[in-house]
file structure.txt (compact mmCIF, C-alpha atoms and all ligand atoms)
# COMPACT_ATOMS: atom_id res chain seq x y z
CA MET A 24 -3.73 -82.67 -44.87
CA THR A 25 -5.88 -81.87 -41.86
CA ASN A 26 -4.55 -80.60 -38.58
CA ALA A 27 -5.29 -83.91 -36.95
CA THR A 28 -2.92 -85.75 -39.24
CA ALA A 29 -0.33 -83.01 -39.88
CA ARG A 30 3.22 -84.18 -39.33
CA ALA A 31 6.36 -82.19 -38.78
CA ALA A 32 9.53 -82.80 -40.79
CA ASP A 33 10.73 -85.19 -38.10
CA GLY A 34 7.53 -87.21 -38.05
CA THR A 35 6.25 -85.77 -34.77
CA SER A 36 2.59 -84.93 -34.90
CA VAL A 37 1.81 -81.25 -34.71
CA GLU A 38 -0.51 -82.01 -31.77
CA ALA A 39 2.33 -83.56 -29.78
CA ARG A 40 4.39 -80.43 -30.22
CA HIS A 41 1.47 -78.20 -29.41
CA THR A 42 1.27 -79.56 -25.89
CA HIS A 43 4.56 -77.92 -24.94
CA GLY A 44 4.43 -74.40 -23.66
CA VAL A 45 7.14 -72.65 -21.69
CA SER A 46 6.60 -70.50 -18.65
CA VAL A 47 8.86 -68.80 -16.16
CA ALA A 48 7.82 -67.27 -12.84
CA GLY A 49 9.82 -64.93 -10.66
CA LEU A 50 12.90 -65.94 -12.62
CA THR A 51 16.08 -64.27 -11.40
CA LYS A 52 19.75 -64.74 -12.26
CA ARG A 53 22.54 -62.65 -10.78
CA PHE A 54 26.15 -62.37 -11.83
CA ALA A 55 28.46 -60.90 -9.18
CA GLY A 56 25.43 -59.60 -7.28
CA LYS A 57 23.91 -57.84 -10.31
CA ALA A 58 20.67 -59.20 -11.75
CA ALA A 59 20.98 -60.10 -15.44
CA VAL A 60 17.43 -61.50 -15.31
CA ASP A 61 15.35 -59.77 -12.68
CA ASP A 62 12.14 -61.38 -11.42
CA ILE A 63 10.67 -62.21 -14.82
CA ASP A 64 7.25 -63.77 -15.41
CA LEU A 65 6.52 -64.99 -18.94
CA SER A 66 4.27 -67.54 -20.52
CA VAL A 67 4.81 -68.87 -24.04
CA ALA A 68 1.79 -70.73 -25.37
CA PRO A 69 2.24 -74.18 -26.91
CA GLY A 70 3.13 -73.79 -30.58
CA GLU A 71 3.68 -70.06 -30.30
CA PHE A 72 6.52 -68.14 -32.02
CA PHE A 73 7.57 -65.86 -29.19
CA CYS A 74 10.36 -63.28 -29.50
CA VAL A 75 12.35 -61.64 -26.75
CA LEU A 76 13.58 -58.29 -27.99
CA GLY A 77 15.91 -55.89 -26.28
CA PRO A 78 19.17 -53.98 -26.48
CA SER A 79 22.56 -55.59 -26.02
CA GLY A 80 23.20 -56.67 -22.42
CA CYS A 81 19.52 -56.56 -21.33
CA GLY A 82 19.57 -60.23 -20.30
CA LYS A 83 17.99 -61.95 -23.33
CA SER A 84 20.64 -64.65 -23.73
CA THR A 85 20.72 -65.32 -20.00
CA LEU A 86 16.95 -65.86 -20.06
CA LEU A 87 17.29 -68.32 -22.93
CA ARG A 88 20.21 -70.12 -21.27
CA LEU A 89 18.15 -70.48 -18.10
CA VAL A 90 15.30 -72.08 -20.07
CA ALA A 91 17.78 -74.36 -21.84
CA GLY A 92 19.32 -75.43 -18.53
CA LEU A 93 22.75 -73.95 -19.28
CA GLU A 94 22.40 -71.60 -16.29
CA THR A 95 20.80 -72.25 -12.91
CA PRO A 96 18.38 -69.63 -11.57
CA ASP A 97 18.97 -67.86 -8.26
CA ALA A 98 15.20 -67.65 -7.77
CA GLY A 99 12.01 -68.55 -9.56
CA ALA A 100 10.84 -71.53 -11.59
CA ILE A 101 10.77 -72.71 -15.19
CA THR A 102 8.12 -75.05 -16.58
CA ILE A 103 8.33 -76.76 -19.98
CA GLY A 104 5.44 -78.84 -21.27
CA GLY A 105 3.81 -78.84 -17.86
CA GLN A 106 6.94 -80.15 -16.12
CA GLU A 107 8.90 -77.97 -13.73
CA VAL A 108 12.48 -78.19 -15.04
CA ALA A 109 14.01 -75.67 -12.64
CA GLY A 110 12.94 -74.29 -9.28
CA ARG A 111 12.89 -75.04 -5.58
CA GLY A 112 16.54 -76.06 -5.69
CA ARG A 113 15.96 -78.58 -8.48
CA SER A 114 17.35 -78.39 -11.99
CA ILE A 115 16.82 -80.90 -14.77
CA PRO A 116 19.86 -81.11 -17.09
CA PRO A 117 19.57 -79.59 -20.61
CA GLU A 118 19.43 -82.94 -22.40
CA HIS A 119 16.31 -83.93 -20.47
CA ARG A 120 14.35 -80.73 -21.08
CA GLY A 121 13.15 -81.61 -24.58
CA VAL A 122 14.56 -78.41 -26.08
CA ALA A 123 16.83 -77.75 -29.06
CA MET A 124 18.92 -74.63 -29.28
CA VAL A 125 20.57 -72.57 -32.01
CA PHE A 126 23.25 -70.18 -30.82
CA GLN A 127 24.77 -67.13 -32.48
CA SER A 128 27.91 -69.21 -32.94
CA TYR A 129 27.00 -72.31 -34.83
CA ALA A 130 28.88 -74.90 -32.74
CA LEU A 131 29.22 -77.37 -35.63
CA TRP A 132 31.47 -80.42 -35.38
CA PRO A 133 34.32 -79.78 -37.83
CA HIS A 134 35.15 -83.43 -38.51
CA MET A 135 31.59 -84.33 -39.50
CA SER A 136 29.87 -83.64 -42.81
CA VAL A 137 26.84 -81.37 -42.97
CA PHE A 138 24.59 -84.43 -43.06
CA GLN A 139 26.33 -86.06 -40.08
CA ASN A 140 26.16 -82.82 -38.08
CA VAL A 141 22.40 -82.77 -38.47
CA ALA A 142 21.86 -86.54 -38.22
CA PHE A 143 23.79 -86.72 -34.94
CA VAL A 144 21.28 -84.40 -33.29
CA ALA A 145 18.33 -86.11 -34.99
CA GLU A 146 19.46 -89.50 -33.61
CA ALA A 147 20.00 -88.09 -30.13
CA GLY A 148 16.22 -87.58 -29.97
CA GLY A 149 15.87 -91.34 -29.53
CA ARG A 150 14.75 -92.13 -33.08
CA SER A 151 15.80 -95.02 -35.27
CA ARG A 152 18.64 -94.40 -37.73
CA GLN A 153 16.21 -94.50 -40.61
CA ASP A 154 13.81 -91.99 -39.07
CA ALA A 155 16.70 -89.73 -38.11
CA ALA A 156 18.05 -89.86 -41.68
CA ALA A 157 14.63 -88.90 -43.05
CA ALA A 158 14.33 -86.03 -40.57
CA THR A 159 17.86 -84.90 -41.51
CA ALA A 160 17.08 -84.93 -45.23
CA ALA A 161 13.88 -82.93 -44.65
CA ALA A 162 15.64 -80.36 -42.48
CA LEU A 163 18.47 -79.89 -45.02
CA GLU A 164 15.89 -79.45 -47.72
CA ALA A 165 14.10 -76.82 -45.62
CA VAL A 166 17.25 -74.72 -45.31
CA ALA A 167 18.23 -75.33 -48.97
CA LEU A 168 21.42 -77.24 -48.12
CA THR A 169 20.71 -80.60 -49.75
CA PRO A 170 23.47 -80.10 -52.35
CA PHE A 171 25.98 -79.45 -49.55
CA ALA A 172 25.15 -82.52 -47.45
CA GLU A 173 28.56 -84.18 -47.87
CA ARG A 174 30.69 -81.07 -47.26
CA LYS A 175 32.57 -80.35 -44.04
CA PRO A 176 31.65 -77.13 -42.20
CA ALA A 177 35.03 -75.57 -43.05
CA ALA A 178 34.06 -75.65 -46.74
CA LEU A 179 30.89 -73.60 -46.14
CA SER A 180 30.28 -69.86 -45.92
CA GLY A 181 29.24 -68.37 -42.57
CA GLY A 182 25.65 -68.14 -43.70
CA GLN A 183 25.64 -71.77 -44.82
CA GLN A 184 27.08 -72.84 -41.47
CA GLN A 185 24.34 -70.93 -39.74
CA ARG A 186 21.78 -72.77 -41.82
CA VAL A 187 23.31 -76.11 -40.78
CA ALA A 188 22.84 -75.06 -37.15
CA LEU A 189 19.25 -74.18 -37.95
CA ALA A 190 18.71 -77.53 -39.71
CA ARG A 191 20.03 -79.28 -36.61
CA CYS A 192 17.45 -77.50 -34.54
CA LEU A 193 14.68 -78.39 -36.99
CA ALA A 194 15.72 -82.05 -37.21
CA SER A 195 15.83 -82.54 -33.48
CA ASN A 196 12.87 -84.22 -31.85
CA ALA A 197 12.43 -81.21 -29.59
CA ARG A 198 9.01 -79.80 -28.87
CA VAL A 199 10.60 -76.50 -27.93
CA LEU A 200 13.11 -74.60 -30.05
CA LEU A 201 15.34 -71.99 -28.42
CA MET A 202 17.04 -69.62 -30.84
CA ASP A 203 19.59 -66.98 -29.89
CA GLU A 204 19.96 -64.54 -32.80
CA PRO A 205 20.18 -67.39 -35.33
CA LEU A 206 20.23 -65.00 -38.30
CA ALA A 207 22.74 -62.56 -36.84
CA ASN A 208 25.58 -63.41 -39.18
CA LEU A 209 23.67 -63.53 -42.44
CA ASP A 210 23.64 -60.84 -45.10
CA PRO A 211 20.34 -58.92 -45.44
CA HIS A 212 19.14 -60.90 -48.45
CA LEU A 213 19.77 -64.30 -46.85
CA ARG A 214 18.22 -63.01 -43.64
CA ASP A 215 15.02 -62.28 -45.53
CA VAL A 216 15.05 -65.72 -47.14
CA MET A 217 15.71 -67.46 -43.82
CA GLU A 218 13.02 -65.43 -42.05
CA THR A 219 10.49 -66.68 -44.57
CA GLU A 220 11.83 -70.21 -44.17
CA LEU A 221 11.68 -70.05 -40.37
CA ALA A 222 8.09 -68.87 -40.50
CA ARG A 223 7.22 -71.68 -42.93
CA VAL A 224 8.95 -74.37 -40.86
CA HIS A 225 7.29 -73.07 -37.73
CA ARG A 226 3.85 -73.26 -39.33
CA ALA A 227 4.57 -76.81 -40.50
CA SER A 228 6.06 -78.13 -37.27
CA GLY A 229 4.07 -76.24 -34.65
CA ALA A 230 7.08 -76.37 -32.32
CA THR A 231 6.99 -73.80 -29.54
CA THR A 232 9.71 -71.31 -30.43
CA LEU A 233 11.44 -68.90 -28.09
CA TYR A 234 13.50 -66.56 -30.24
CA ILE A 235 15.97 -63.93 -29.04
CA THR A 236 16.89 -60.92 -31.11
CA HIS A 237 17.92 -57.28 -30.80
CA ASP A 238 16.49 -56.63 -34.28
CA GLN A 239 12.95 -55.26 -34.00
CA ARG A 240 12.27 -55.70 -37.69
CA GLU A 241 13.04 -59.42 -37.39
CA ALA A 242 10.91 -59.78 -34.25
CA MET A 243 8.00 -57.95 -35.89
CA ALA A 244 8.24 -60.19 -38.96
CA LEU A 245 8.33 -63.49 -37.08
CA ALA A 246 6.62 -63.28 -33.73
CA SER A 247 3.02 -63.77 -32.72
CA ARG A 248 4.00 -62.01 -29.48
CA ILE A 249 7.08 -60.10 -28.38
CA ALA A 250 8.48 -59.44 -24.91
CA VAL A 251 10.52 -56.23 -24.80
CA MET A 252 13.30 -56.46 -22.22
CA ASP A 253 15.52 -53.84 -20.67
CA ALA A 254 17.99 -54.14 -17.80
CA GLY A 255 16.88 -57.64 -16.85
CA ARG A 256 13.16 -56.83 -16.75
CA VAL A 257 10.25 -57.29 -19.13
CA LEU A 258 8.74 -53.93 -20.08
CA GLN A 259 5.81 -55.21 -22.14
CA VAL A 260 4.49 -58.38 -23.77
CA ALA A 261 2.20 -57.88 -26.74
CA ASP A 262 1.61 -58.67 -30.39
CA PRO A 263 3.72 -56.61 -32.85
CA VAL A 264 0.93 -54.22 -33.84
CA THR A 265 0.03 -53.41 -30.23
CA LEU A 266 3.70 -52.86 -29.34
CA TYR A 267 3.99 -50.40 -32.19
CA ARG A 268 0.65 -48.63 -31.86
CA ARG A 269 0.14 -48.85 -28.09
CA PRO A 270 3.44 -49.17 -26.24
CA ALA A 271 3.03 -49.46 -22.47
CA ASN A 272 5.57 -46.78 -21.66
CA GLU A 273 8.08 -44.35 -23.07
CA ALA A 274 10.97 -46.84 -23.05
CA VAL A 275 9.05 -49.27 -25.30
CA ALA A 276 7.82 -46.40 -27.50
CA ARG A 277 11.39 -45.24 -28.06
CA PHE A 278 12.78 -48.73 -28.57
CA ILE A 279 10.17 -49.84 -31.10
CA GLY A 280 9.82 -47.94 -34.36
CA ARG A 281 10.05 -44.21 -34.92
CA GLY A 282 8.01 -41.30 -33.76
CA ALA A 283 7.87 -38.21 -31.59
CA ILE A 284 6.69 -37.88 -28.01
CA VAL A 285 4.97 -34.58 -27.13
CA ASP A 286 3.46 -33.23 -23.91
CA GLY A 287 -0.20 -32.33 -23.65
CA THR A 288 -3.24 -32.06 -21.41
CA MET A 289 -6.17 -34.45 -21.66
CA MET A 290 -9.31 -32.35 -22.15
CA ARG A 291 -11.74 -35.22 -22.45
CA HIS A 292 -11.75 -39.04 -22.45
CA ASP A 293 -14.40 -41.23 -23.99
CA GLY A 294 -14.17 -45.00 -24.35
CA ASP A 295 -10.92 -45.69 -26.16
CA GLY A 296 -10.24 -42.13 -27.27
CA ALA A 297 -9.33 -38.74 -25.87
CA LEU A 298 -8.88 -35.15 -26.88
CA VAL A 299 -5.47 -33.86 -25.94
CA ARG A 300 -4.35 -30.24 -26.13
CA CYS A 301 -0.74 -29.88 -27.24
CA GLY A 302 0.16 -26.18 -27.31
CA ALA A 303 -2.69 -24.54 -29.23
CA LEU A 304 -3.59 -27.75 -31.03
CA ASP A 305 -6.32 -30.22 -30.03
CA ILE A 306 -5.58 -33.76 -31.21
CA ALA A 307 -7.96 -36.73 -31.17
CA VAL A 308 -5.87 -39.64 -29.92
CA ALA A 309 -6.24 -43.14 -28.51
CA ALA A 310 -5.96 -43.48 -24.74
CA ASP A 311 -6.73 -46.37 -22.42
CA ARG A 312 -8.06 -44.27 -19.52
CA PRO A 313 -8.76 -40.71 -18.36
CA ARG A 314 -5.71 -38.87 -17.05
CA ALA A 315 -5.21 -35.63 -15.15
CA GLY A 316 -2.13 -33.42 -15.43
CA THR A 317 0.43 -33.57 -18.21
CA VAL A 318 0.30 -36.59 -20.49
CA ARG A 319 2.85 -37.77 -23.02
CA VAL A 320 1.53 -38.46 -26.49
CA LEU A 321 3.27 -40.70 -29.01
CA LEU A 322 2.97 -39.51 -32.62
CA ARG A 323 4.05 -42.19 -35.08
CA PRO A 324 4.92 -41.07 -38.63
CA ALA A 325 1.57 -42.49 -39.78
CA ASP A 326 -0.24 -40.10 -37.40
CA VAL A 327 1.19 -37.05 -39.18
CA ARG A 328 0.71 -36.07 -42.83
CA LEU A 329 1.67 -33.26 -45.16
CA ALA A 330 -1.41 -31.20 -46.06
CA GLY A 331 -1.43 -27.93 -48.00
CA ASP A 332 -4.39 -26.75 -45.91
CA GLY A 333 -3.16 -28.38 -42.67
CA PRO A 334 -3.47 -26.42 -39.42
CA LEU A 335 0.24 -26.61 -38.55
CA SER A 336 3.41 -25.40 -40.17
CA GLY A 337 7.00 -26.35 -39.56
CA ARG A 338 10.45 -26.39 -41.09
CA VAL A 339 11.83 -29.55 -42.68
CA THR A 340 15.05 -30.46 -40.85
CA ARG A 341 15.78 -33.84 -42.37
CA VAL A 342 14.78 -35.93 -45.37
CA THR A 343 15.65 -39.64 -45.57
CA TRP A 344 14.76 -42.00 -48.39
CA ARG A 345 13.44 -45.19 -46.80
CA GLY A 346 12.87 -47.20 -49.97
CA GLY A 347 9.39 -46.46 -51.31
CA VAL A 348 8.77 -43.46 -49.09
CA PHE A 349 10.54 -40.36 -47.79
CA GLU A 350 10.77 -39.89 -44.06
CA LEU A 351 10.68 -36.20 -43.13
CA VAL A 352 11.56 -34.64 -39.82
CA VAL A 353 9.63 -31.41 -39.37
CA ALA A 354 10.30 -28.95 -36.54
CA HIS A 355 7.20 -27.31 -35.07
CA GLU A 356 7.30 -24.50 -32.54
CA ALA A 357 5.12 -26.19 -29.90
CA LEU A 358 5.35 -29.90 -30.76
CA GLY A 359 9.09 -30.05 -31.38
CA GLU A 360 10.34 -32.44 -34.07
CA VAL A 361 7.76 -34.78 -35.58
CA GLN A 362 8.29 -37.42 -38.23
CA LEU A 363 6.10 -38.22 -41.19
CA HIS A 364 6.15 -40.13 -44.44
CA ALA A 365 5.69 -38.49 -47.81
CA ALA A 366 5.73 -39.62 -51.44
CA THR A 367 7.73 -36.59 -52.53
CA ALA A 368 10.48 -34.78 -50.69
CA PRO A 369 10.53 -31.06 -49.95
CA ALA A 370 13.97 -29.49 -49.52
CA VAL A 371 15.59 -29.30 -46.10
CA GLY A 372 14.84 -25.83 -44.69
CA GLU A 373 11.54 -25.52 -46.54
CA THR A 374 8.41 -24.63 -44.53
CA VAL A 375 5.55 -27.12 -44.96
CA ARG A 376 2.00 -27.35 -43.68
CA PHE A 377 0.87 -30.55 -41.99
CA ALA A 378 -1.88 -32.15 -39.91
CA VAL A 379 -1.90 -34.59 -37.00
CA ASP A 380 -4.60 -37.25 -37.30
CA GLY A 381 -3.97 -39.39 -34.24
CA GLY A 382 -1.61 -40.52 -31.52
CA TRP A 383 -1.42 -42.63 -28.39
CA VAL A 384 -1.33 -41.40 -24.81
CA LEU A 385 1.47 -43.34 -23.13
CA PRO A 386 0.00 -45.15 -20.11
CA ALA A 387 3.23 -44.74 -18.09
N1 LIG B 1 28.60 -65.70 -17.30
C1 LIG B 1 28.48 -64.40 -16.96
N2 LIG B 1 29.23 -63.86 -15.99
C2 LIG B 1 29.09 -62.57 -15.63
N3 LIG B 1 28.23 -61.71 -16.20
C3 LIG B 1 27.44 -62.19 -17.18
C4 LIG B 1 27.52 -63.56 -17.62
N4 LIG B 1 26.62 -63.73 -18.62
C5 LIG B 1 26.01 -62.54 -18.79
N5 LIG B 1 26.49 -61.61 -17.94
C6 LIG B 1 26.04 -60.22 -17.82
O1 LIG B 1 24.63 -60.22 -17.69
C7 LIG B 1 24.05 -59.17 -18.46
C8 LIG B 1 23.09 -59.74 -19.48
O2 LIG B 1 23.83 -60.48 -20.45
P1 LIG B 1 23.13 -61.26 -21.66
O3 LIG B 1 24.19 -61.95 -22.45
O4 LIG B 1 22.03 -62.06 -21.14
O5 LIG B 1 22.53 -60.03 -22.50
P2 LIG B 1 21.94 -60.00 -23.98
O6 LIG B 1 20.73 -59.15 -23.89
O7 LIG B 1 21.79 -61.37 -24.50
O8 LIG B 1 23.08 -59.24 -24.78
P3 LIG B 1 23.59 -59.45 -26.31
O9 LIG B 1 22.43 -59.07 -27.20
O10 LIG B 1 24.72 -58.47 -26.38
O11 LIG B 1 23.99 -60.87 -26.45
C9 LIG B 1 25.21 -58.41 -19.09
O12 LIG B 1 25.51 -57.31 -18.27
C10 LIG B 1 26.34 -59.41 -19.06
O13 LIG B 1 27.58 -58.77 -18.99

call {"tool": "encode", "arguments": {"input": "structure.txt", "output": "structure tokens"}}
result
Amino acid sequence: MTNATARAADGTSVEARHTHGVSVAGLTKRFAGKAAVDDIDLSVAPGEFFCVLGPSGCGKSTLLRLVAGLETPDAGAITIGGQEVAGRGRSIPPEHRGVAMVFQSYALWPHMSVFQNVAFVAEAGGRSRQDAAAATAAALEAVALTPFAERKPAALSGGQQQRVALARCLASNARVLLMDEPLANLDPHLRDVMETELARVHRASGATTLYITHDQREAMALASRIAVMDAGRVLQVADPVTLYRRPANEAVARFIGRGAIVDGTMMRHDGDGALVRCGALDIAVAADRPRAGTVRVLLRPADVRLAGDGPLSGRVTRVTWRGGVFELVVAHEALGEVQLHAATAPAVGETVRFAVDGGWVLPA
């Protein structure tokens, strides 16, 4: 099937869905005078899988609820598919925004069967009964719930109920899917399975997806781009690799992944690289621009390696098995504690030699 003829589970052409991006500008929402969402600008491309990642209480859900139309902004504007749905004192109600939403709580109708729960939403998209039934069947198949179609929600496990909520979202006619931690209540195995399924369904449907999570692993696995939020503000928007390798500031560096941050002085800058002196050690690192004074250098575990002839030595303070690799914390006199991965584990307290092969000078 070519792109031109590709069809989503609900019969909508992929092209139709691809025309719907989401953008917010200067978006602000206050509760009791305190900004939960604080002057945010974001643009989600049509068809993109975009994650908003941040700690509890940073304003992620409020942002999603604003886009859905469940909250009214105090300032700023929201545009969906080229249409301004909120701003300048105007607010289009949720049902006219062309979005479907999955919440942390599944909000299923207890008196309806699994099939009816999904079909109800599919029909609300303005389709014929027959088309809605086909979309419902396809969505239940996608979340592996076909055998449970006639059950009531009360006779399902929590994870199965969550999958019904997901199927409802998939079966809706919406061009834009809004998901608030939809995998939060699943066990790790089912989470993995559903992550794969979400990615597959997204590829097939092309629906623009705005996905909220506090789980960086999940965001990294699913998103084409991630916005990292803290205290109502967006700290950085980037693809997962850039967020990990080149965080914009210390807060993002500490929130995403592991690593150590050490002080140094930039001796030289050339193109995309720099030589930074940390204590008595010169390290070749990546850096976006020349900098005077003290700089802060992020050393990810992959930047550091055990080496019998390495120039540095330190004492192992912690060893953690991370499934396939040991993570060591090694204390060095000048650098402080650095982390690295190793195939074999020295004993805690042992002195090891190591080398630093790279790093990233934090821009801010
Ligand atoms: N209806 C409300 N009334 C008052 N305060 C609210 C309301 N909704 C959210 N808040 C506050 O706004 C801030 C952001 O909340 P929000 O639910 O958006 O965060 P979150 O990042 O989604 O958190 P979590 O991951 O825990 O769900 C919090 O301080 C919260 O207490």

call {"tool": "closest_residue", "arguments": {"input": "structure.txt", "among": "A:Gly82, A:Pro176, A:Pro211, A:Gly99", "to": "ligand LIG 1 (chain B)", "atoms": "only C-alpha atoms and all ligand atoms"}}
result
A:Gly82

call {"tool": "residues_near_ligand", "arguments": {"input": "structure.txt", "ligand": "ligand LIG 1 (chain B)", "cutoff": "7 Å", "atoms": "only C-alpha atoms and all ligand atoms", "output": "number ranges by chain"}}
result
A: 54-55, 59, 77-86, 237

call {"tool": "residues_near_point", "arguments": {"input": "structure.txt", "point": "(8.9, -27.0, -36.5)", "cutoff": "12 Å", "atoms": "only C-alpha atoms", "output": "PyMOL selection string"}}
result
chain A and resi 335-341+351-362+371-377

call {"tool": "closest_residue", "arguments": {"input": "structure.txt", "among": "A:Gly70, A:Trp344, A:Ala310, A:Gly287", "to": "A:Arg226", "atoms": "only C-alpha atoms"}}
result
A:Gly70

call {"tool": "closest_residue", "arguments": {"input": "structure.txt", "among": "A:Ile63, A:Val199, A:Leu87, A:Val122", "to": "A:Ala100", "atoms": "all atoms listed in the file"}}
result
A:Ile63

call {"tool": "residues_around", "arguments": {"input": "structure.txt", "residues": "stretch 323-328 of chain A", "least_positions_apart": "3", "cutoff": "7 Å", "atoms": "all atoms listed in the file", "output": "list in words"}}
result
Arg281, Gly282, Ala283, Gln362, Leu363, His364, Phe377, Ala378, Val379, Asp380, Gly381 and Gly382 of chain A

call {"tool": "closest_residue", "arguments": {"input": "structure.txt", "among": "A:Phe349, A:Gly182, A:Pro386, A:His134", "to": "A:Ala309", "atoms": "only C-alpha atoms"}}
result
A:Pro386

call {"tool": "closest_residue", "arguments": {"input": "structure.txt", "among": "A:Gly347, A:Gly294, A:Gly104, A:Gly181", "to": "A:Ala130", "atoms": "all atoms listed in the file"}}
result
A:Gly181

call {"tool": "closest_residue", "arguments": {"input": "structure.txt", "among": "A:His292, A:Arg300, A:Arg277, A:Arg248", "to": "A:Phe72", "atoms": "only C-alpha atoms"}}
result
A:Arg248

call {"tool": "atom_distance", "arguments": {"input": "structure.txt", "atom1": "atom CA of A:Arg191", "atom2": "atom CA of A:Leu245"}}
result
19.7 Å

call {"tool": "residues_near_point", "arguments": {"input": "structure.txt", "point": "(8.5, -73.2, -41.1)", "cutoff": "12 Å", "atoms": "all atoms listed in the file", "output": "JSON, numbers by chain"}}
result
{"A": [31, 32, 70, 72, 161, 162, 164, 165, 166, 189, 190, 192, 193, 216, 217, 218, 219, 220, 221, 222, 223, 224, 225, 226, 227, 228, 229, 230, 231, 232, 245]}

call {"tool": "residues_around", "arguments": {"input": "structure.txt", "residues": "A:Met124", "least_positions_apart": "4", "cutoff": "7 Å", "atoms": "only C-alpha atoms", "output": "PyMOL selection string"}}
result
chain A and resi 192+200-202

call {"tool": "residues_around", "arguments": {"input": "structure.txt", "residues": "A:Glu94", "least_positions_apart": "4", "cutoff": "12 Å", "atoms": "all atoms listed in the file", "output": "VMD selection string"}}
result
chain A and resid 50 to 54 59 to 60 84 to 90 98 101 108 to 109 114 to 117

call {"tool": "write_last_selection", "arguments": {"input": "structure.txt", "atoms": "C-alpha atoms", "output": "mmCIF file, in the frame of the given file"}}
result
data_model
loop_
_atom_site.group_PDB
_atom_site.id
_atom_site.type_symbol
_atom_site.label_atom_id
_atom_site.label_comp_id
_atom_site.auth_asym_id
_atom_site.auth_seq_id
_atom_site.Cartn_x
_atom_site.Cartn_y
_atom_site.Cartn_z
ATOM 1 C CA LEU A 50 12.900 -65.940 -12.620
ATOM 2 C CA THR A 51 16.080 -64.270 -11.400
ATOM 3 C CA LYS A 52 19.750 -64.740 -12.260
ATOM 4 C CA ARG A 53 22.540 -62.650 -10.780
ATOM 5 C CA PHE A 54 26.150 -62.370 -11.830
ATOM 6 C CA ALA A 59 20.980 -60.100 -15.440
ATOM 7 C CA VAL A 60 17.430 -61.500 -15.310
ATOM 8 C CA SER A 84 20.640 -64.650 -23.730
ATOM 9 C CA THR A 85 20.720 -65.320 -20.000
ATOM 10 C CA LEU A 86 16.950 -65.860 -20.060
ATOM 11 C CA LEU A 87 17.290 -68.320 -22.930
ATOM 12 C CA ARG A 88 20.210 -70.120 -21.270
ATOM 13 C CA LEU A 89 18.150 -70.480 -18.100
ATOM 14 C CA VAL A 90 15.300 -72.080 -20.070
ATOM 15 C CA ALA A 98 15.200 -67.650 -7.770
ATOM 16 C CA ILE A 101 10.770 -72.710 -15.190
ATOM 17 C CA VAL A 108 12.480 -78.190 -15.040
ATOM 18 C CA ALA A 109 14.010 -75.670 -12.640
ATOM 19 C CA SER A 114 17.350 -78.390 -11.990
ATOM 20 C CA ILE A 115 16.820 -80.900 -14.770
ATOM 21 C CA PRO A 116 19.860 -81.110 -17.090
ATOM 22 C CA PRO A 117 19.570 -79.590 -20.610
#

call {"tool": "atom_distance", "arguments": {"input": "structure.txt", "atom1": "atom CA of A:Ala68", "atom2": "atom CA of A:Ala194"}}
result
21.5 Å

call {"tool": "atom_distance", "arguments": {"input": "structure.txt", "atom1": "atom CA of A:Thr288", "atom2": "atom CA of A:Ala315"}}
result
7.5 Å

call {"tool": "residues_around", "arguments": {"input": "structure.txt", "residues": "A:Val257", "least_positions_apart": "6", "cutoff": "9 Å", "atoms": "only C-alpha atoms", "output": "ChimeraX atom specification"}}
result
/A:61-65,250-251

call {"tool": "write_last_selection", "arguments": {"input": "structure.txt", "atoms": "C-alpha atoms", "output": "JSON list (two decimals), in the coordinates of the input"}}
result
[["chain", "number", "residue", "atom", "x", "y", "z"],
["A", 61, "ASP", "CA", 15.35, -59.77, -12.68],
["A", 62, "ASP", "CA", 12.14, -61.38, -11.42],
["A", 63, "ILE", "CA", 10.67, -62.21, -14.82],
["A", 64, "ASP", "CA", 7.25, -63.77, -15.41],
["A", 65, "LEU", "CA", 6.52, -64.99, -18.94],
["A", 250, "ALA", "CA", 8.48, -59.44, -24.91],
["A", 251, "VAL", "CA", 10.52, -56.23, -24.80]]

call {"tool": "residues_around", "arguments": {"input": "structure.txt", "residues": "A:Val320", "least_positions_apart": "4", "cutoff": "8 Å", "atoms": "only C-alpha atoms", "output": "compact mmCIF listing (two decimals) with C-alpha atoms, keeping the file's coordinate frame"}}
result
# COMPACT_ATOMS: atom_id res chain seq x y z
CA ILE A 284 6.69 -37.88 -28.01
CA VAL A 285 4.97 -34.58 -27.13
CA ASP A 286 3.46 -33.23 -23.91
CA GLY A 287 -0.20 -32.33 -23.65
CA GLY A 382 -1.61 -40.52 -31.52
CA TRP A 383 -1.42 -42.63 -28.39
CA VAL A 384 -1.33 -41.40 -24.81
CA LEU A 385 1.47 -43.34 -23.13

call {"tool": "build_atoms", "arguments": {"input": "structure.txt", "residues": "stretch 209-213 of chain A", "atoms": "N, CA and C atoms", "output": "PDB file, keeping the file's coordinate frame"}}
result
ATOM      1  N   LEU A 209      24.020 -63.394 -41.022  1.00  0.00           N
ATOM      2  CA  LEU A 209      23.670 -63.530 -42.440  1.00  0.00           C
ATOM      3  C   LEU A 209      23.553 -62.168 -43.096  1.00  0.00           C
ATOM      4  N   ASP A 210      23.812 -62.118 -44.396  1.00  0.00           N
ATOM      5  CA  ASP A 210      23.640 -60.840 -45.100  1.00  0.00           C
ATOM      6  C   ASP A 210      22.131 -60.566 -45.222  1.00  0.00           C
ATOM      7  N   PRO A 211      21.762 -59.291 -45.475  1.00  0.00           N
ATOM      8  CA  PRO A 211      20.340 -58.920 -45.440  1.00  0.00           C
ATOM      9  C   PRO A 211      19.461 -59.775 -46.352  1.00  0.00           C
ATOM     10  N   HIS A 212      19.970 -60.120 -47.529  1.00  0.00           N
ATOM     11  CA  HIS A 212      19.140 -60.900 -48.450  1.00  0.00           C
ATOM     12  C   HIS A 212      18.864 -62.283 -47.873  1.00  0.00           C
ATOM     13  N   LEU A 213      19.922 -62.948 -47.397  1.00  0.00           N
ATOM     14  CA  LEU A 213      19.770 -64.300 -46.850  1.00  0.00           C
ATOM     15  C   LEU A 213      18.915 -64.277 -45.585  1.00  0.00           C
TER      16      LEU A 213
END
